[in-house]
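**Q** Data: model_18.pdb, PDB, N, CA and C atoms.
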ATOM      1  N   MET A   1     -23.735 -13.630 -35.454
ATOM      2  CA  MET A   1     -24.683 -13.680 -36.537
ATOM      3  C   MET A   1     -26.016 -13.149 -36.034
ATOM      4  N   PHE A   2     -26.754 -12.500 -36.901
ATOM      5  CA  PHE A   2     -28.056 -11.982 -36.552
ATOM      6  C   PHE A   2     -29.043 -12.414 -37.600
ATOM      7  N   SER A   3     -30.297 -12.245 -37.318
ATOM      8  CA  SER A   3     -31.335 -12.668 -38.237
ATOM      9  C   SER A   3     -32.329 -11.531 -38.431
ATOM     10  N   VAL A   4     -32.788 -11.378 -39.634
ATOM     11  CA  VAL A   4     -33.821 -10.403 -39.945
ATOM     12  C   VAL A   4     -35.114 -11.182 -40.100
ATOM     13  N   THR A   5     -36.168 -10.750 -39.453
ATOM     14  CA  THR A   5     -37.440 -11.444 -39.566
ATOM     15  C   THR A   5     -38.528 -10.479 -39.992
ATOM     16  N   ALA A   6     -39.557 -11.019 -40.569
ATOM     17  CA  ALA A   6     -40.694 -10.199 -40.978
ATOM     18  C   ALA A   6     -41.364  -9.616 -39.742
ATOM     19  N   THR A   7     -42.014  -8.500 -39.894
ATOM     20  CA  THR A   7     -42.617  -7.814 -38.754
ATOM     21  C   THR A   7     -43.976  -8.384 -38.388
ATOM     22  N   THR A   8     -44.567  -9.212 -39.231
ATOM     23  CA  THR A   8     -45.861  -9.793 -38.910
ATOM     24  C   THR A   8     -45.700 -11.285 -38.685
ATOM     25  N   ALA A   9     -46.438 -11.797 -37.721
ATOM     26  CA  ALA A   9     -46.377 -13.223 -37.412
ATOM     27  C   ALA A   9     -47.241 -13.997 -38.399
ATOM     28  N   ALA A  10     -46.785 -15.192 -38.746
ATOM     29  CA  ALA A  10     -47.557 -16.043 -39.647
ATOM     30  C   ALA A  10     -48.717 -16.668 -38.877
ATOM     31  N   PRO A  11     -49.878 -16.804 -39.504
ATOM     32  CA  PRO A  11     -51.011 -17.437 -38.833
ATOM     33  C   PRO A  11     -50.701 -18.900 -38.530
ATOM     34  N   THR A  12     -51.375 -19.436 -37.527
ATOM     35  CA  THR A  12     -51.191 -20.840 -37.168
ATOM     36  C   THR A  12     -51.519 -21.713 -38.371
ATOM     37  N   GLY A  13     -50.657 -22.695 -38.631
ATOM     38  CA  GLY A  13     -50.855 -23.589 -39.759
ATOM     39  C   GLY A  13     -50.347 -23.029 -41.079
ATOM     40  N   ALA A  14     -49.767 -21.845 -41.041
ATOM     41  CA  ALA A  14     -49.263 -21.229 -42.275
ATOM     42  C   ALA A  14     -48.013 -21.952 -42.744
ATOM     43  N   ILE A  15     -47.700 -21.793 -43.983
ATOM     44  CA  ILE A  15     -46.491 -22.364 -44.557
ATOM     45  C   ILE A  15     -45.288 -21.627 -43.988
ATOM     46  N   THR A  16     -44.262 -22.369 -43.643
ATOM     47  CA  THR A  16     -43.041 -21.776 -43.095
ATOM     48  C   THR A  16     -42.270 -21.061 -44.199
ATOM     49  N   PRO A  17     -41.825 -19.827 -43.965
ATOM     50  CA  PRO A  17     -41.038 -19.116 -44.974
ATOM     51  C   PRO A  17     -39.759 -19.883 -45.319
ATOM     52  N   MET A  18     -39.329 -19.780 -46.554
ATOM     53  CA  MET A  18     -38.183 -20.569 -47.010
ATOM     54  C   MET A  18     -36.902 -20.279 -46.246
ATOM     55  N   HIS A  19     -36.731 -19.073 -45.752
ATOM     56  CA  HIS A  19     -35.484 -18.755 -45.057
ATOM     57  C   HIS A  19     -35.351 -19.472 -43.724
ATOM     58  N   ARG A  20     -36.454 -19.950 -43.155
ATOM     59  CA  ARG A  20     -36.376 -20.668 -41.874
ATOM     60  C   ARG A  20     -35.565 -21.958 -42.016
ATOM     61  N   GLY A  21     -35.719 -22.649 -43.116
ATOM     62  CA  GLY A  21     -34.933 -23.867 -43.349
ATOM     63  C   GLY A  21     -33.446 -23.561 -43.417
ATOM     64  N   LEU A  22     -33.094 -22.466 -44.059
ATOM     65  CA  LEU A  22     -31.695 -22.063 -44.126
ATOM     66  C   LEU A  22     -31.172 -21.731 -42.732
ATOM     67  N   GLU A  23     -31.948 -20.999 -41.947
ATOM     68  CA  GLU A  23     -31.507 -20.638 -40.598
ATOM     69  C   GLU A  23     -31.296 -21.881 -39.736
ATOM     70  N   ARG A  24     -32.190 -22.870 -39.876
ATOM     71  CA  ARG A  24     -32.005 -24.119 -39.125
ATOM     72  C   ARG A  24     -30.741 -24.834 -39.581
ATOM     73  N   ALA A  25     -30.520 -24.885 -40.892
ATOM     74  CA  ALA A  25     -29.314 -25.534 -41.411
ATOM     75  C   ALA A  25     -28.059 -24.788 -40.964
ATOM     76  N   ALA A  26     -28.109 -23.465 -40.936
ATOM     77  CA  ALA A  26     -26.959 -22.673 -40.495
ATOM     78  C   ALA A  26     -26.647 -22.936 -39.029
ATOM     79  N   ASP A  27     -27.668 -23.194 -38.225
ATOM     80  CA  ASP A  27     -27.469 -23.500 -36.804
ATOM     81  C   ASP A  27     -26.925 -24.912 -36.600
ATOM     82  N   ARG A  28     -27.404 -25.850 -37.392
ATOM     83  CA  ARG A  28     -27.073 -27.260 -37.179
ATOM     84  C   ARG A  28     -25.903 -27.761 -38.023
ATOM     85  N   ARG A  29     -25.730 -27.191 -39.193
ATOM     86  CA  ARG A  29     -24.728 -27.689 -40.142
ATOM     87  C   ARG A  29     -23.798 -26.552 -40.559
ATOM     88  N   THR A  30     -23.395 -25.761 -39.608
ATOM     89  CA  THR A  30     -22.671 -24.510 -39.801
ATOM     90  C   THR A  30     -21.592 -24.568 -40.865
ATOM     91  N   ASP A  31     -20.704 -25.539 -40.792
ATOM     92  CA  ASP A  31     -19.540 -25.579 -41.688
ATOM     93  C   ASP A  31     -19.714 -26.485 -42.899
ATOM     94  N   GLU A  32     -20.892 -27.048 -43.094
ATOM     95  CA  GLU A  32     -21.123 -27.893 -44.267
ATOM     96  C   GLU A  32     -21.346 -27.021 -45.496
ATOM     97  N   ILE A  33     -20.853 -27.485 -46.621
ATOM     98  CA  ILE A  33     -21.018 -26.751 -47.881
ATOM     99  C   ILE A  33     -22.476 -26.810 -48.318
ATOM    100  N   ALA A  34     -23.045 -25.650 -48.576
ATOM    101  CA  ALA A  34     -24.425 -25.547 -49.057
ATOM    102  C   ALA A  34     -24.463 -25.375 -50.569
ATOM    103  N   ILE A  35     -23.509 -24.610 -51.107
ATOM    104  CA  ILE A  35     -23.491 -24.289 -52.537
ATOM    105  C   ILE A  35     -22.064 -24.342 -53.059
ATOM    106  N   ARG A  36     -21.919 -24.927 -54.219
ATOM    107  CA  ARG A  36     -20.650 -24.870 -54.948
ATOM    108  C   ARG A  36     -20.941 -24.293 -56.329
ATOM    109  N   GLN A  37     -20.103 -23.374 -56.728
ATOM    110  CA  GLN A  37     -20.193 -22.835 -58.083
ATOM    111  C   GLN A  37     -18.786 -22.566 -58.561
ATOM    112  N   ASP A  38     -18.439 -23.207 -59.635
ATOM    113  CA  ASP A  38     -17.081 -23.097 -60.174
ATOM    114  C   ASP A  38     -16.083 -23.429 -59.060
ATOM    115  N   GLU A  39     -15.181 -22.532 -58.765
ATOM    116  CA  GLU A  39     -14.166 -22.771 -57.732
ATOM    117  C   GLU A  39     -14.629 -22.334 -56.334
ATOM    118  N   ALA A  40     -15.733 -21.638 -56.251
ATOM    119  CA  ALA A  40     -16.205 -21.084 -54.980
ATOM    120  C   ALA A  40     -17.181 -22.036 -54.289
ATOM    121  N   SER A  41     -17.253 -21.917 -52.971
ATOM    122  CA  SER A  41     -18.257 -22.650 -52.206
ATOM    123  C   SER A  41     -18.666 -21.809 -51.003
ATOM    124  N   TRP A  42     -19.924 -21.992 -50.584
ATOM    125  CA  TRP A  42     -20.461 -21.294 -49.425
ATOM    126  C   TRP A  42     -21.015 -22.324 -48.460
ATOM    127  N   THR A  43     -20.729 -22.152 -47.178
ATOM    128  CA  THR A  43     -21.337 -22.999 -46.159
ATOM    129  C   THR A  43     -22.749 -22.498 -45.888
ATOM    130  N   PHE A  44     -23.501 -23.290 -45.122
ATOM    131  CA  PHE A  44     -24.841 -22.849 -44.735
ATOM    132  C   PHE A  44     -24.756 -21.554 -43.936
ATOM    133  N   CYS A  45     -23.755 -21.450 -43.089
ATOM    134  CA  CYS A  45     -23.570 -20.233 -42.291
ATOM    135  C   CYS A  45     -23.234 -19.036 -43.200
ATOM    136  N   ASP A  46     -22.367 -19.261 -44.196
ATOM    137  CA  ASP A  46     -22.042 -18.201 -45.165
ATOM    138  C   ASP A  46     -23.298 -17.728 -45.895
ATOM    139  N   LEU A  47     -24.082 -18.684 -46.372
ATOM    140  CA  LEU A  47     -25.286 -18.358 -47.131
ATOM    141  C   LEU A  47     -26.276 -17.569 -46.282
ATOM    142  N   ASP A  48     -26.448 -17.971 -45.020
ATOM    143  CA  ASP A  48     -27.348 -17.242 -44.133
ATOM    144  C   ASP A  48     -26.826 -15.826 -43.889
ATOM    145  N   GLY A  49     -25.527 -15.679 -43.706
ATOM    146  CA  GLY A  49     -24.943 -14.349 -43.517
ATOM    147  C   GLY A  49     -25.129 -13.463 -44.736
ATOM    148  N   LEU A  50     -24.970 -14.038 -45.925
ATOM    149  CA  LEU A  50     -25.182 -13.268 -47.157
ATOM    150  C   LEU A  50     -26.650 -12.872 -47.314
ATOM    151  N   ALA A  51     -27.555 -13.777 -46.952
ATOM    152  CA  ALA A  51     -28.985 -13.464 -47.015
ATOM    153  C   ALA A  51     -29.324 -12.345 -46.030
ATOM    154  N   ASN A  52     -28.731 -12.383 -44.824
ATOM    155  CA  ASN A  52     -28.946 -11.313 -43.848
ATOM    156  C   ASN A  52     -28.426  -9.977 -44.384
ATOM    157  N   ALA A  53     -27.236 -10.000 -44.979
ATOM    158  CA  ALA A  53     -26.659  -8.769 -45.528
ATOM    159  C   ALA A  53     -27.546  -8.211 -46.642
ATOM    160  N   CYS A  54     -28.051  -9.094 -47.480
ATOM    161  CA  CYS A  54     -28.938  -8.661 -48.558
ATOM    162  C   CYS A  54     -30.226  -8.066 -47.981
ATOM    163  N   ALA A  55     -30.773  -8.714 -46.958
ATOM    164  CA  ALA A  55     -31.995  -8.209 -46.326
ATOM    165  C   ALA A  55     -31.763  -6.814 -45.741
ATOM    166  N   HIS A  56     -30.642  -6.615 -45.075
ATOM    167  CA  HIS A  56     -30.341  -5.292 -44.508
ATOM    168  C   HIS A  56     -30.151  -4.244 -45.604
ATOM    169  N   HIS A  57     -29.489  -4.624 -46.677
ATOM    170  CA  HIS A  57     -29.268  -3.714 -47.802
ATOM    171  C   HIS A  57     -30.617  -3.278 -48.404
ATOM    172  N   LEU A  58     -31.491  -4.247 -48.613
ATOM    173  CA  LEU A  58     -32.792  -3.939 -49.200
ATOM    174  C   LEU A  58     -33.678  -3.149 -48.235
ATOM    175  N   ALA A  59     -33.640  -3.500 -46.950
ATOM    176  CA  ALA A  59     -34.440  -2.769 -45.959
ATOM    177  C   ALA A  59     -34.003  -1.308 -45.879
ATOM    178  N   ALA A  60     -32.697  -1.067 -45.992
ATOM    179  CA  ALA A  60     -32.184   0.307 -45.949
ATOM    180  C   ALA A  60     -32.671   1.114 -47.156
ATOM    181  N   ARG A  61     -33.102   0.419 -48.195
ATOM    182  CA  ARG A  61     -33.605   1.086 -49.397
ATOM    183  C   ARG A  61     -35.122   1.065 -49.473
ATOM    184  N   GLY A  62     -35.762   0.681 -48.346
ATOM    185  CA  GLY A  62     -37.213   0.790 -48.261
ATOM    186  C   GLY A  62     -38.009  -0.462 -48.529
ATOM    187  N   VAL A  63     -37.372  -1.584 -48.800
ATOM    188  CA  VAL A  63     -38.116  -2.824 -49.037
ATOM    189  C   VAL A  63     -38.601  -3.356 -47.691
ATOM    190  N   SER A  64     -39.876  -3.753 -47.637
ATOM    191  CA  SER A  64     -40.425  -4.252 -46.379
ATOM    192  C   SER A  64     -41.461  -5.341 -46.640
ATOM    193  N   THR A  65     -42.050  -5.827 -45.574
ATOM    194  CA  THR A  65     -43.041  -6.899 -45.627
ATOM    195  C   THR A  65     -44.141  -6.583 -46.636
ATOM    196  N   GLY A  66     -44.417  -7.578 -47.481
ATOM    197  CA  GLY A  66     -45.474  -7.443 -48.472
ATOM    198  C   GLY A  66     -45.036  -6.873 -49.804
ATOM    199  N   ASP A  67     -43.844  -6.315 -49.867
ATOM    200  CA  ASP A  67     -43.358  -5.771 -51.138
ATOM    201  C   ASP A  67     -43.009  -6.898 -52.107
ATOM    202  N   ARG A  68     -43.022  -6.559 -53.382
ATOM    203  CA  ARG A  68     -42.605  -7.484 -54.442
ATOM    204  C   ARG A  68     -41.385  -6.880 -55.114
ATOM    205  N   VAL A  69     -40.361  -7.707 -55.289
ATOM    206  CA  VAL A  69     -39.105  -7.223 -55.855
ATOM    207  C   VAL A  69     -38.682  -8.145 -56.989
ATOM    208  N   ALA A  70     -38.409  -7.573 -58.143
ATOM    209  CA  ALA A  70     -37.899  -8.357 -59.269
ATOM    210  C   ALA A  70     -36.424  -8.669 -59.030
ATOM    211  N   VAL A  71     -36.061  -9.934 -59.219
ATOM    212  CA  VAL A  71     -34.672 -10.364 -59.075
ATOM    213  C   VAL A  71     -34.212 -10.794 -60.460
ATOM    214  N   MET A  72     -33.344  -9.986 -61.047
ATOM    215  CA  MET A  72     -32.875 -10.273 -62.406
ATOM    216  C   MET A  72     -31.390 -10.608 -62.353
ATOM    217  N   THR A  73     -31.079 -11.842 -62.678
ATOM    218  CA  THR A  73     -29.700 -12.303 -62.662
ATOM    219  C   THR A  73     -29.557 -13.484 -63.609
ATOM    220  N   THR A  74     -28.340 -13.756 -63.959
ATOM    221  CA  THR A  74     -28.086 -14.971 -64.721
ATOM    222  C   THR A  74     -28.185 -16.152 -63.762
ATOM    223  N   ASN A  75     -28.012 -17.342 -64.274
ATOM    224  CA  ASN A  75     -28.079 -18.546 -63.459
ATOM    225  C   ASN A  75     -26.832 -18.642 -62.589
ATOM    226  N   ARG A  76     -26.856 -17.956 -61.446
ATOM    227  CA  ARG A  76     -25.703 -17.867 -60.552
ATOM    228  C   ARG A  76     -26.126 -18.146 -59.118
ATOM    229  N   ALA A  77     -25.171 -18.516 -58.307
ATOM    230  CA  ALA A  77     -25.431 -18.795 -56.892
ATOM    231  C   ALA A  77     -25.899 -17.545 -56.152
ATOM    232  N   GLU A  78     -25.534 -16.374 -56.608
ATOM    233  CA  GLU A  78     -25.911 -15.123 -55.942
ATOM    234  C   GLU A  78     -27.426 -14.890 -55.932
ATOM    235  N   PHE A  79     -28.140 -15.619 -56.766
ATOM    236  CA  PHE A  79     -29.597 -15.541 -56.783
ATOM    237  C   PHE A  79     -30.162 -15.951 -55.417
ATOM    238  N   LEU A  80     -29.573 -16.978 -54.801
ATOM    239  CA  LEU A  80     -30.099 -17.504 -53.542
ATOM    240  C   LEU A  80     -30.069 -16.510 -52.384
ATOM    241  N   PRO A  81     -28.952 -15.836 -52.092
ATOM    242  CA  PRO A  81     -28.997 -14.866 -50.996
ATOM    243  C   PRO A  81     -30.007 -13.747 -51.238
ATOM    244  N   ALA A  82     -30.194 -13.367 -52.494
ATOM    245  CA  ALA A  82     -31.160 -12.313 -52.806
ATOM    246  C   ALA A  82     -32.583 -12.772 -52.479
ATOM    247  N   VAL A  83     -32.946 -13.950 -52.941
ATOM    248  CA  VAL A  83     -34.289 -14.470 -52.703
ATOM    249  C   VAL A  83     -34.505 -14.763 -51.220
ATOM    250  N   LEU A  84     -33.502 -15.344 -50.572
ATOM    251  CA  LEU A  84     -33.618 -15.639 -49.142
ATOM    252  C   LEU A  84     -33.649 -14.364 -48.307
ATOM    253  N   GLY A  85     -32.888 -13.351 -48.712
ATOM    254  CA  GLY A  85     -32.928 -12.060 -48.024
ATOM    255  C   GLY A  85     -34.307 -11.431 -48.116
ATOM    256  N   LEU A  86     -34.927 -11.530 -49.275
ATOM    257  CA  LEU A  86     -36.291 -11.017 -49.427
ATOM    258  C   LEU A  86     -37.260 -11.780 -48.533
ATOM    259  N   SER A  87     -37.068 -13.095 -48.447
ATOM    260  CA  SER A  87     -37.909 -13.901 -47.566
ATOM    261  C   SER A  87     -37.765 -13.455 -46.116
ATOM    262  N   LYS A  88     -36.549 -13.131 -45.698
ATOM    263  CA  LYS A  88     -36.319 -12.664 -44.325
ATOM    264  C   LYS A  88     -37.056 -11.357 -44.041
ATOM    265  N   LEU A  89     -37.273 -10.566 -45.080
ATOM    266  CA  LEU A  89     -38.004  -9.304 -44.915
ATOM    267  C   LEU A  89     -39.522  -9.484 -45.017
ATOM    268  N   GLY A  90     -39.947 -10.662 -45.455
ATOM    269  CA  GLY A  90     -41.368 -10.865 -45.692
ATOM    270  C   GLY A  90     -41.811 -10.336 -47.026
ATOM    271  N   ALA A  91     -40.854 -10.075 -47.907
ATOM    272  CA  ALA A  91     -41.138  -9.589 -49.257
ATOM    273  C   ALA A  91     -41.118 -10.775 -50.221
ATOM    274  N   ALA A  92     -41.673 -10.592 -51.388
ATOM    275  CA  ALA A  92     -41.744 -11.648 -52.384
ATOM    276  C   ALA A  92     -40.768 -11.346 -53.517
ATOM    277  N   ALA A  93     -40.063 -12.390 -53.936
ATOM    278  CA  ALA A  93     -39.151 -12.267 -55.076
ATOM    279  C   ALA A  93     -39.892 -12.658 -56.343
ATOM    280  N   GLY A  94     -39.689 -11.863 -57.359
ATOM    281  CA  GLY A  94     -40.219 -12.176 -58.674
ATOM    282  C   GLY A  94     -39.052 -12.425 -59.615
ATOM    283  N   PRO A  95     -38.711 -13.690 -59.821
ATOM    284  CA  PRO A  95     -37.536 -13.961 -60.676
ATOM    285  C   PRO A  95     -37.775 -13.558 -62.117
TER     286      PRO A  95
END
Here is the file; what I need is its structure written in the form of structure tokens.

**A**
Amino acid sequence: MFSVTATTAAPTGAITPMHRGLERAADRRTDEIAIRQDEASWTFCDLDGLANACAHHLAARGVSTGDRVAVMTTNRAEFLPAVLGLSKLGAAAGP
């Protein structure tokens, strides 16, 4: 597993980006279910991997730190990897 991080460091005392909590959970609670939707479920490790894949996909298309990206989806679990992937890039999601 790999992690995508923003290119700029957060100032001391800054709020921790939301994806850091997921990365900690993926390290500590690897096989625990994080999300259930209908018949499907994702572990914390699965969710972190999907967020990483989303971050790489978006970075390959030019999204980077400080960018704002609209996330348009129905009320689905797939919203989370998209938003978390943007957080890993240092970009902001606009739902």

**Q** When you look at range 75-92 of chain A with a cut-off of 9 Å (counting only C-alpha atoms), what residues show up, excluding the ones that are within fewer than 3 positions of it in the same chain? I need them as a PDB file with N, CA and C atoms, in the frame of the given file.

**A**
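result-v5.pdb written:
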ATOM      1  N   SER A   3     -30.297 -12.245 -37.318  1.00  0.00           N
ATOM      2  CA  SER A   3     -31.335 -12.668 -38.237  1.00  0.00           C
ATOM      3  C   SER A   3     -32.329 -11.531 -38.431  1.00  0.00           C
ATOM      4  N   VAL A   4     -32.788 -11.378 -39.634  1.00  0.00           N
ATOM      5  CA  VAL A   4     -33.821 -10.403 -39.945  1.00  0.00           C
ATOM      6  C   VAL A   4     -35.114 -11.182 -40.100  1.00  0.00           C
ATOM      7  N   THR A   5     -36.168 -10.750 -39.453  1.00  0.00           N
ATOM      8  CA  THR A   5     -37.440 -11.444 -39.566  1.00  0.00           C
ATOM      9  C   THR A   5     -38.528 -10.479 -39.992  1.00  0.00           C
ATOM     10  N   ALA A   6     -39.557 -11.019 -40.569  1.00  0.00           N
ATOM     11  CA  ALA A   6     -40.694 -10.199 -40.978  1.00  0.00           C
ATOM     12  C   ALA A   6     -41.364  -9.616 -39.742  1.00  0.00           C
ATOM     13  N   THR A   7     -42.014  -8.500 -39.894  1.00  0.00           N
ATOM     14  CA  THR A   7     -42.617  -7.814 -38.754  1.00  0.00           C
ATOM     15  C   THR A   7     -43.976  -8.384 -38.388  1.00  0.00           C
ATOM     16  N   THR A   8     -44.567  -9.212 -39.231  1.00  0.00           N
ATOM     17  CA  THR A   8     -45.861  -9.793 -38.910  1.00  0.00           C
ATOM     18  C   THR A   8     -45.700 -11.285 -38.685  1.00  0.00           C
ATOM     19  N   PRO A  17     -41.825 -19.827 -43.965  1.00  0.00           N
ATOM     20  CA  PRO A  17     -41.038 -19.116 -44.974  1.00  0.00           C
ATOM     21  C   PRO A  17     -39.759 -19.883 -45.319  1.00  0.00           C
ATOM     22  N   MET A  18     -39.329 -19.780 -46.554  1.00  0.00           N
ATOM     23  CA  MET A  18     -38.183 -20.569 -47.010  1.00  0.00           C
ATOM     24  C   MET A  18     -36.902 -20.279 -46.246  1.00  0.00           C
ATOM     25  N   HIS A  19     -36.731 -19.073 -45.752  1.00  0.00           N
ATOM     26  CA  HIS A  19     -35.484 -18.755 -45.057  1.00  0.00           C
ATOM     27  C   HIS A  19     -35.351 -19.472 -43.724  1.00  0.00           C
ATOM     28  N   ARG A  20     -36.454 -19.950 -43.155  1.00  0.00           N
ATOM     29  CA  ARG A  20     -36.376 -20.668 -41.874  1.00  0.00           C
ATOM     30  C   ARG A  20     -35.565 -21.958 -42.016  1.00  0.00           C
ATOM     31  N   LEU A  22     -33.094 -22.466 -44.059  1.00  0.00           N
ATOM     32  CA  LEU A  22     -31.695 -22.063 -44.126  1.00  0.00           C
ATOM     33  C   LEU A  22     -31.172 -21.731 -42.732  1.00  0.00           C
ATOM     34  N   ILE A  35     -23.509 -24.610 -51.107  1.00  0.00           N
ATOM     35  CA  ILE A  35     -23.491 -24.289 -52.537  1.00  0.00           C
ATOM     36  C   ILE A  35     -22.064 -24.342 -53.059  1.00  0.00           C
ATOM     37  N   ARG A  36     -21.919 -24.927 -54.219  1.00  0.00           N
ATOM     38  CA  ARG A  36     -20.650 -24.870 -54.948  1.00  0.00           C
ATOM     39  C   ARG A  36     -20.941 -24.293 -56.329  1.00  0.00           C
ATOM     40  N   GLN A  37     -20.103 -23.374 -56.728  1.00  0.00           N
ATOM     41  CA  GLN A  37     -20.193 -22.835 -58.083  1.00  0.00           C
ATOM     42  C   GLN A  37     -18.786 -22.566 -58.561  1.00  0.00           C
ATOM     43  N   LEU A  47     -24.082 -18.684 -46.372  1.00  0.00           N
ATOM     44  CA  LEU A  47     -25.286 -18.358 -47.131  1.00  0.00           C
ATOM     45  C   LEU A  47     -26.276 -17.569 -46.282  1.00  0.00           C
ATOM     46  N   ASP A  48     -26.448 -17.971 -45.020  1.00  0.00           N
ATOM     47  CA  ASP A  48     -27.348 -17.242 -44.133  1.00  0.00           C
ATOM     48  C   ASP A  48     -26.826 -15.826 -43.889  1.00  0.00           C
ATOM     49  N   GLY A  49     -25.527 -15.679 -43.706  1.00  0.00           N
ATOM     50  CA  GLY A  49     -24.943 -14.349 -43.517  1.00  0.00           C
ATOM     51  C   GLY A  49     -25.129 -13.463 -44.736  1.00  0.00           C
ATOM     52  N   LEU A  50     -24.970 -14.038 -45.925  1.00  0.00           N
ATOM     53  CA  LEU A  50     -25.182 -13.268 -47.157  1.00  0.00           C
ATOM     54  C   LEU A  50     -26.650 -12.872 -47.314  1.00  0.00           C
ATOM     55  N   ALA A  51     -27.555 -13.777 -46.952  1.00  0.00           N
ATOM     56  CA  ALA A  51     -28.985 -13.464 -47.015  1.00  0.00           C
ATOM     57  C   ALA A  51     -29.324 -12.345 -46.030  1.00  0.00           C
ATOM     58  N   ASN A  52     -28.731 -12.383 -44.824  1.00  0.00           N
ATOM     59  CA  ASN A  52     -28.946 -11.313 -43.848  1.00  0.00           C
ATOM     60  C   ASN A  52     -28.426  -9.977 -44.384  1.00  0.00           C
ATOM     61  N   ALA A  53     -27.236 -10.000 -44.979  1.00  0.00           N
ATOM     62  CA  ALA A  53     -26.659  -8.769 -45.528  1.00  0.00           C
ATOM     63  C   ALA A  53     -27.546  -8.211 -46.642  1.00  0.00           C
ATOM     64  N   CYS A  54     -28.051  -9.094 -47.480  1.00  0.00           N
ATOM     65  CA  CYS A  54     -28.938  -8.661 -48.558  1.00  0.00           C
ATOM     66  C   CYS A  54     -30.226  -8.066 -47.981  1.00  0.00           C
ATOM     67  N   ALA A  55     -30.773  -8.714 -46.958  1.00  0.00           N
ATOM     68  CA  ALA A  55     -31.995  -8.209 -46.326  1.00  0.00           C
ATOM     69  C   ALA A  55     -31.763  -6.814 -45.741  1.00  0.00           C
ATOM     70  N   HIS A  56     -30.642  -6.615 -45.075  1.00  0.00           N
ATOM     71  CA  HIS A  56     -30.341  -5.292 -44.508  1.00  0.00           C
ATOM     72  C   HIS A  56     -30.151  -4.244 -45.604  1.00  0.00           C
ATOM     73  N   LEU A  58     -31.491  -4.247 -48.613  1.00  0.00           N
ATOM     74  CA  LEU A  58     -32.792  -3.939 -49.200  1.00  0.00           C
ATOM     75  C   LEU A  58     -33.678  -3.149 -48.235  1.00  0.00           C
ATOM     76  N   ALA A  59     -33.640  -3.500 -46.950  1.00  0.00           N
ATOM     77  CA  ALA A  59     -34.440  -2.769 -45.959  1.00  0.00           C
ATOM     78  C   ALA A  59     -34.003  -1.308 -45.879  1.00  0.00           C
ATOM     79  N   VAL A  63     -37.372  -1.584 -48.800  1.00  0.00           N
ATOM     80  CA  VAL A  63     -38.116  -2.824 -49.037  1.00  0.00           C
ATOM     81  C   VAL A  63     -38.601  -3.356 -47.691  1.00  0.00           C
ATOM     82  N   SER A  64     -39.876  -3.753 -47.637  1.00  0.00           N
ATOM     83  CA  SER A  64     -40.425  -4.252 -46.379  1.00  0.00           C
ATOM     84  C   SER A  64     -41.461  -5.341 -46.640  1.00  0.00           C
ATOM     85  N   THR A  65     -42.050  -5.827 -45.574  1.00  0.00           N
ATOM     86  CA  THR A  65     -43.041  -6.899 -45.627  1.00  0.00           C
ATOM     87  C   THR A  65     -44.141  -6.583 -46.636  1.00  0.00           C
ATOM     88  N   GLY A  66     -44.417  -7.578 -47.481  1.00  0.00           N
ATOM     89  CA  GLY A  66     -45.474  -7.443 -48.472  1.00  0.00           C
ATOM     90  C   GLY A  66     -45.036  -6.873 -49.804  1.00  0.00           C
ATOM     91  N   ASP A  67     -43.844  -6.315 -49.867  1.00  0.00           N
ATOM     92  CA  ASP A  67     -43.358  -5.771 -51.138  1.00  0.00           C
ATOM     93  C   ASP A  67     -43.009  -6.898 -52.107  1.00  0.00           C
ATOM     94  N   ARG A  68     -43.022  -6.559 -53.382  1.00  0.00           N
ATOM     95  CA  ARG A  68     -42.605  -7.484 -54.442  1.00  0.00           C
ATOM     96  C   ARG A  68     -41.385  -6.880 -55.114  1.00  0.00           C
ATOM     97  N   VAL A  69     -40.361  -7.707 -55.289  1.00  0.00           N
ATOM     98  CA  VAL A  69     -39.105  -7.223 -55.855  1.00  0.00           C
ATOM     99  C   VAL A  69     -38.682  -8.145 -56.989  1.00  0.00           C
ATOM    100  N   ALA A  70     -38.409  -7.573 -58.143  1.00  0.00           N
ATOM    101  CA  ALA A  70     -37.899  -8.357 -59.269  1.00  0.00           C
ATOM    102  C   ALA A  70     -36.424  -8.669 -59.030  1.00  0.00           C
ATOM    103  N   VAL A  71     -36.061  -9.934 -59.219  1.00  0.00           N
ATOM    104  CA  VAL A  71     -34.672 -10.364 -59.075  1.00  0.00           C
ATOM    105  C   VAL A  71     -34.212 -10.794 -60.460  1.00  0.00           C
ATOM    106  N   MET A  72     -33.344  -9.986 -61.047  1.00  0.00           N
ATOM    107  CA  MET A  72     -32.875 -10.273 -62.406  1.00  0.00           C
ATOM    108  C   MET A  72     -31.390 -10.608 -62.353  1.00  0.00           C
ATOM    109  N   PRO A  95     -38.711 -13.690 -59.821  1.00  0.00           N
ATOM    110  CA  PRO A  95     -37.536 -13.961 -60.676  1.00  0.00           C
ATOM    111  C   PRO A  95     -37.775 -13.558 -62.117  1.00  0.00           C
TER     112      PRO A  95
END

**Q** List the neighbours of Ile33 in chain A out to 7 Å using all atoms listed in the file; skip same-chain residues closer than 2 positions along the sequence, and give me the result as a PyMOL selection string.

**A** chain A and resi 29-31+35-36+41-44

**Q** For a test of reading the model, state the distance in Å between CA of Arg61 in chain A and atom N of Thr73 in chain A, rounded to one decimal.

**A**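 Spanning CA of Arg61 in chain A to atom N of Thr73 in chain A is a straight-line distance of 18.7 Å.
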
**Q** May I ask for the distance between CA of Ala93 in chain A and CA of Gly21 in chain A, given in Å to one decimal place?

**A**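 Pair CA of Ala93 in chain A / CA of Gly21 in chain A returns 17.0 Å.
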
**Q** Could you pull out the residues in chain A that DSSP calls helix (DSSP H, G or I) from the backbone, as a PyMOL selection string?

**A** chain A and resi 18-28+44-60+79-89

**Q** Any idea what the distance is between CA of Gly94 in chain A and CA of Asp38 in chain A?

**A**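 Straight-line distance from CA of Gly94 in chain A to CA of Asp38 in chain A works out to 25.6 Å.
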
**Q** Where's the centre, and what are the edge lengths in Å to one decimal, of a box along x, y and z enclosing all listed atoms of range 58-61 of chain A padded 4 Å per side, as JSON?

**A**
{"center_x": -33.3, "center_y": -1.6, "center_z": -47.7, "size_x": 11.6, "size_y": 13.4, "size_z": 11.6}
